[in-house]
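structure17.pdb follows (PDB, C-alpha atoms, pLDDT in the B column):
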```
ATOM      1  CA  MET A   1      65.933  92.446  96.139  1.00 95.00           C
ATOM      2  CA  ILE A   2      67.992  90.955  98.972  1.00 96.00           C
ATOM      3  CA  LEU A   3      67.084  89.265 102.232  1.00 96.00           C
ATOM      4  CA  TYR A   4      70.085  89.746 104.535  1.00 96.00           C
ATOM      5  CA  THR A   5      70.311  87.569 107.641  1.00 96.00           C
ATOM      6  CA  ILE A   6      72.921  87.177 110.329  1.00 95.00           C
ATOM      7  CA  GLY A   7      72.772  85.282 113.595  1.00 94.00           C
ATOM      8  CA  ASP A   8      73.951  82.195 115.408  1.00 92.00           C
ATOM      9  CA  SER A   9      73.176  78.494 114.895  1.00 91.00           C
ATOM     10  CA  TRP A  10      69.415  79.108 114.778  1.00 92.00           C
ATOM     11  CA  THR A  11      69.788  81.373 111.750  1.00 94.00           C
ATOM     12  CA  TYR A  12      72.543  79.225 110.249  1.00 94.00           C
ATOM     13  CA  GLY A  13      70.427  76.074 110.474  1.00 92.00           C
ATOM     14  CA  THR A  14      72.691  73.918 112.622  1.00 89.00           C
ATOM     15  CA  GLU A  15      71.252  70.448 113.268  1.00 87.00           C
ATOM     16  CA  LEU A  16      69.267  70.470 110.019  1.00 90.00           C
ATOM     17  CA  GLU A  17      70.066  67.805 107.433  1.00 91.00           C
ATOM     18  CA  ASN A  18      70.654  70.423 104.734  1.00 92.00           C
ATOM     19  CA  PRO A  19      71.165  73.794 106.468  1.00 91.00           C
ATOM     20  CA  LYS A  20      71.569  75.836 103.294  1.00 93.00           C
ATOM     21  CA  GLU A  21      68.152  74.807 101.961  1.00 93.00           C
ATOM     22  CA  GLU A  22      66.253  74.134 105.200  1.00 93.00           C
ATOM     23  CA  CYS A  23      67.228  77.107 107.382  1.00 94.00           C
ATOM     24  CA  TYR A  24      64.514  79.693 107.943  1.00 94.00           C
ATOM     25  CA  PRO A  25      66.375  82.445 105.996  1.00 95.00           C
ATOM     26  CA  TYR A  26      66.401  80.270 102.876  1.00 96.00           C
ATOM     27  CA  LEU A  27      62.721  79.372 103.206  1.00 94.00           C
ATOM     28  CA  LEU A  28      61.813  83.006 103.845  1.00 94.00           C
ATOM     29  CA  SER A  29      63.858  84.193 100.857  1.00 96.00           C
ATOM     30  CA  LYS A  30      61.940  81.816  98.599  1.00 95.00           C
ATOM     31  CA  LYS A  31      58.637  83.053 100.015  1.00 94.00           C
ATOM     32  CA  LEU A  32      59.670  86.697  99.501  1.00 95.00           C
ATOM     33  CA  GLU A  33      61.274  85.925  96.119  1.00 96.00           C
ATOM     34  CA  CYS A  34      64.539  87.536  97.229  1.00 95.00           C
ATOM     35  CA  ASP A  35      68.189  86.687  96.876  1.00 97.00           C
ATOM     36  CA  LEU A  36      69.612  85.513 100.192  1.00 97.00           C
ATOM     37  CA  VAL A  37      72.731  86.697 101.969  1.00 97.00           C
ATOM     38  CA  ASN A  38      72.973  84.582 105.130  1.00 97.00           C
ATOM     39  CA  GLU A  39      76.101  85.408 107.124  1.00 95.00           C
ATOM     40  CA  ALA A  40      75.043  83.435 110.205  1.00 95.00           C
ATOM     41  CA  GLN A  41      77.639  81.328 112.035  1.00 92.00           C
ATOM     42  CA  PRO A  42      77.137  78.756 114.790  1.00 90.00           C
ATOM     43  CA  ALA A  43      78.062  80.170 118.223  1.00 87.00           C
ATOM     44  CA  ALA A  44      78.238  83.724 116.881  1.00 89.00           C
ATOM     45  CA  SER A  45      78.297  86.570 119.383  1.00 88.00           C
ATOM     46  CA  ASN A  46      76.209  89.739 119.316  1.00 88.00           C
ATOM     47  CA  ASP A  47      79.319  91.919 118.930  1.00 87.00           C
ATOM     48  CA  TRP A  48      80.353  89.889 115.886  1.00 89.00           C
ATOM     49  CA  MET A  49      76.853  90.185 114.375  1.00 91.00           C
ATOM     50  CA  PHE A  50      76.871  93.929 114.932  1.00 90.00           C
ATOM     51  CA  ARG A  51      80.367  94.322 113.414  1.00 89.00           C
ATOM     52  CA  LYS A  52      79.619  92.113 110.394  1.00 91.00           C
ATOM     53  CA  SER A  53      76.280  93.856 109.778  1.00 92.00           C
ATOM     54  CA  ILE A  54      77.937  97.283 109.747  1.00 90.00           C
ATOM     55  CA  GLU A  55      80.690  95.979 107.459  1.00 91.00           C
ATOM     56  CA  TRP A  56      78.126  94.557 105.035  1.00 93.00           C
ATOM     57  CA  ILE A  57      76.022  97.734 105.050  1.00 91.00           C
ATOM     58  CA  THR A  58      79.041  99.957 104.346  1.00 91.00           C
ATOM     59  CA  LYS A  59      80.316  97.761 101.503  1.00 93.00           C
ATOM     60  CA  ASN A  60      77.038  97.095  99.657  1.00 93.00           C
ATOM     61  CA  ASP A  61      74.198  98.930  97.975  1.00 91.00           C
ATOM     62  CA  ILE A  62      71.535  98.952 100.670  1.00 89.00           C
ATOM     63  CA  SER A  63      68.839 100.207  98.299  1.00 92.00           C
ATOM     64  CA  ASN A  64      68.469  96.561  97.205  1.00 91.00           C
ATOM     65  CA  ILE A  65      67.633  95.288 100.706  1.00 92.00           C
ATOM     66  CA  HIS A  66      64.113  93.933 101.058  1.00 94.00           C
ATOM     67  CA  THR A  67      64.547  92.789 104.690  1.00 92.00           C
ATOM     68  CA  PHE A  68      67.445  92.817 107.142  1.00 94.00           C
ATOM     69  CA  ILE A  69      67.224  90.272 109.995  1.00 93.00           C
ATOM     70  CA  VAL A  70      69.584  89.995 112.963  1.00 93.00           C
ATOM     71  CA  GLY A  71      69.013  86.879 115.077  1.00 92.00           C
ATOM     72  CA  TRP A  72      70.630  88.084 118.318  1.00 90.00           C
ATOM     73  CA  SER A  73      72.454  85.490 120.388  1.00 87.00           C
ATOM     74  CA  HIS A  74      72.926  84.835 124.098  1.00 81.00           C
ATOM     75  CA  PHE A  75      74.399  87.781 126.033  1.00 78.00           C
ATOM     76  CA  ASN A  76      77.353  85.774 127.385  1.00 77.00           C
ATOM     77  CA  ARG A  77      78.817  85.152 123.923  1.00 79.00           C
ATOM     78  CA  ARG A  78      81.319  87.742 122.834  1.00 74.00           C
ATOM     79  CA  GLU A  79      84.006  88.419 120.272  1.00 72.00           C
ATOM     80  CA  GLU A  80      87.552  89.390 121.170  1.00 70.00           C
ATOM     81  CA  GLN A  81      90.258  89.837 118.558  1.00 58.00           C
ATOM     82  CA  PHE A  82      87.977  88.265 115.928  1.00 57.00           C
ATOM     83  CA  GLN A  83      87.416  85.044 117.925  1.00 63.00           C
ATOM     84  CA  PHE A  84      84.271  83.877 119.695  1.00 57.00           C
ATOM     85  CA  TYR A  85      84.287  83.420 123.461  1.00 52.00           C
ATOM     86  CA  HIS A  86      81.523  81.876 125.529  1.00 52.00           C
ATOM     87  CA  GLY A  87      80.521  82.251 129.135  1.00 48.00           C
ATOM     88  CA  GLY A  88      79.787  78.530 129.380  1.00 45.00           C
ATOM     89  CA  GLU A  89      76.944  76.161 128.705  1.00 46.00           C
ATOM     90  CA  LEU A  90      73.475  77.102 129.906  1.00 44.00           C
ATOM     91  CA  GLU A  91      73.406  74.152 132.307  1.00 46.00           C
ATOM     92  CA  ASP A  92      76.709  75.321 133.856  1.00 46.00           C
ATOM     93  CA  MET A  93      75.331  78.826 134.318  1.00 44.00           C
ATOM     94  CA  ILE A  94      72.197  77.458 135.988  1.00 43.00           C
ATOM     95  CA  SER A  95      74.107  75.218 138.403  1.00 47.00           C
ATOM     96  CA  ALA A  96      76.663  77.948 139.204  1.00 45.00           C
ATOM     97  CA  ARG A  97      73.910  80.293 140.362  1.00 45.00           C
ATOM     98  CA  GLY A  98      72.748  77.956 143.113  1.00 48.00           C
ATOM     99  CA  ASP A  99      69.512  78.733 144.910  1.00 51.00           C
ATOM    100  CA  ASN A 100      70.409  82.301 145.869  1.00 56.00           C
ATOM    101  CA  ASN A 101      67.798  83.683 143.504  1.00 56.00           C
ATOM    102  CA  PRO A 102      64.979  81.142 143.015  1.00 58.00           C
ATOM    103  CA  MET A 103      63.127  83.277 140.435  1.00 52.00           C
ATOM    104  CA  GLU A 104      66.238  83.602 138.261  1.00 54.00           C
ATOM    105  CA  ARG A 105      66.759  79.835 138.463  1.00 57.00           C
ATOM    106  CA  ILE A 106      63.151  79.119 137.434  1.00 56.00           C
ATOM    107  CA  ILE A 107      63.410  81.473 134.465  1.00 51.00           C
ATOM    108  CA  SER A 108      66.756  79.986 133.374  1.00 54.00           C
ATOM    109  CA  GLU A 109      65.546  76.387 133.652  1.00 57.00           C
ATOM    110  CA  ASN A 110      62.369  77.138 131.727  1.00 54.00           C
ATOM    111  CA  PHE A 111      64.326  79.013 129.068  1.00 51.00           C
ATOM    112  CA  ALA A 112      66.581  75.968 128.621  1.00 51.00           C
ATOM    113  CA  ASN A 113      63.545  73.676 128.273  1.00 52.00           C
ATOM    114  CA  LEU A 114      61.842  76.030 125.809  1.00 49.00           C
ATOM    115  CA  SER A 115      65.021  76.381 123.729  1.00 50.00           C
ATOM    116  CA  LEU A 116      65.461  72.612 123.548  1.00 50.00           C
ATOM    117  CA  HIS A 117      61.808  72.164 122.542  1.00 50.00           C
ATOM    118  CA  ILE A 118      61.945  74.772 119.762  1.00 49.00           C
ATOM    119  CA  PHE A 119      65.318  73.531 118.503  1.00 50.00           C
ATOM    120  CA  THR A 120      64.074  69.937 118.409  1.00 50.00           C
ATOM    121  CA  HIS A 121      61.125  70.954 116.238  1.00 51.00           C
ATOM    122  CA  TYR A 122      63.008  73.601 114.270  1.00 52.00           C
ATOM    123  CA  LYS A 123      62.349  72.364 110.747  1.00 54.00           C
ATOM    124  CA  ARG A 124      58.650  71.658 111.303  1.00 58.00           C
ATOM    125  CA  TYR A 125      58.202  75.003 113.092  1.00 54.00           C
ATOM    126  CA  TRP A 126      59.625  77.123 110.247  1.00 57.00           C
ATOM    127  CA  ARG A 127      57.925  75.144 107.495  1.00 59.00           C
ATOM    128  CA  ARG A 128      54.606  75.802 109.213  1.00 62.00           C
ATOM    129  CA  ILE A 129      55.284  79.537 109.498  1.00 57.00           C
ATOM    130  CA  ILE A 130      56.652  79.997 105.991  1.00 57.00           C
TER     131      ILE A 130
END
```
Please express the file's structure as structure tokens.
Amino acid sequence: MILYTIGDSWTYGTELENPKEECYPYLLSKKLECDLVNEAQPAASNDWMFRKSIEWITKNDISNIHTFIVGWSHFNRREEQFQFYHGGELEDMISARGDNNPMERIISENFANLSLHIFTHYKRYWRRII
């Protein structure tokens, strides 16, 4: 059976000492006793994930899939002519918004803090879950 995963740096395991053996897809595949296909790429866009997922599904025997995980990325990332484009860093997006919409600013700032917290404790977090 196969565990197929695709996503951005979170699924890839960026910032881990040994991403191939410490990323959550690898740990989950060991727990499920499945072969792993991890097509994640740092900074990947949702359009790229969708395209690559469809390509993989159409080229492979899907009867062997145990689980199929897509780790969706930030909405401002996109793919054009097979290259990734980004809408900017989260901090830039927050400061560009100004105080026109205080609720949006609060949500964005808290999302940035939560993301940093989870990413900082990434390895410990997934080891605990798996």
Item to check | Atom pair CA of His66 (chain A) / CA of Tyr12 (chain A): separation (Å) | outcome: 19.3 Å
Item to check | Atom-to-atom span, CA of Leu28 (chain A) and CA of Ile57 (chain A), Å | outcome: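 Straight-line distance from CA of Leu28 (chain A) to CA of Ile57 (chain A) works out to 20.5 Å.
Across the model, the gap from CA of Cys34 (chain A) to CA of Ser9 (chain A) is 21.6 Å.
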Next on the checklist: Running the PyMOL selection byres ((chain A and resi 69) around 12) on this model by hand, what would come out? Give it as a list in words.
Outcome noted: Ile2, Leu3, Tyr4, Thr5, Ile6, Gly7, Asp8, Thr11, Tyr24, Pro25, Leu28, Ser29, Leu36, Val37, Asn38, Glu39, Ala40, Met49, Phe50, Ser53, Ile65, His66, Thr67, Phe68, Val70, Gly71 and Trp72 of chain A
Next on the checklist: My list of candidates is A:Trp10, A:Met1, A:Asn64, A:Asp47. Which is closest to Cys23 (chain A) when distances are computed with all atoms listed in the file?
Outcome noted: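 Closest to Cys23 (chain A), using all atoms listed in the file: A:Trp10.
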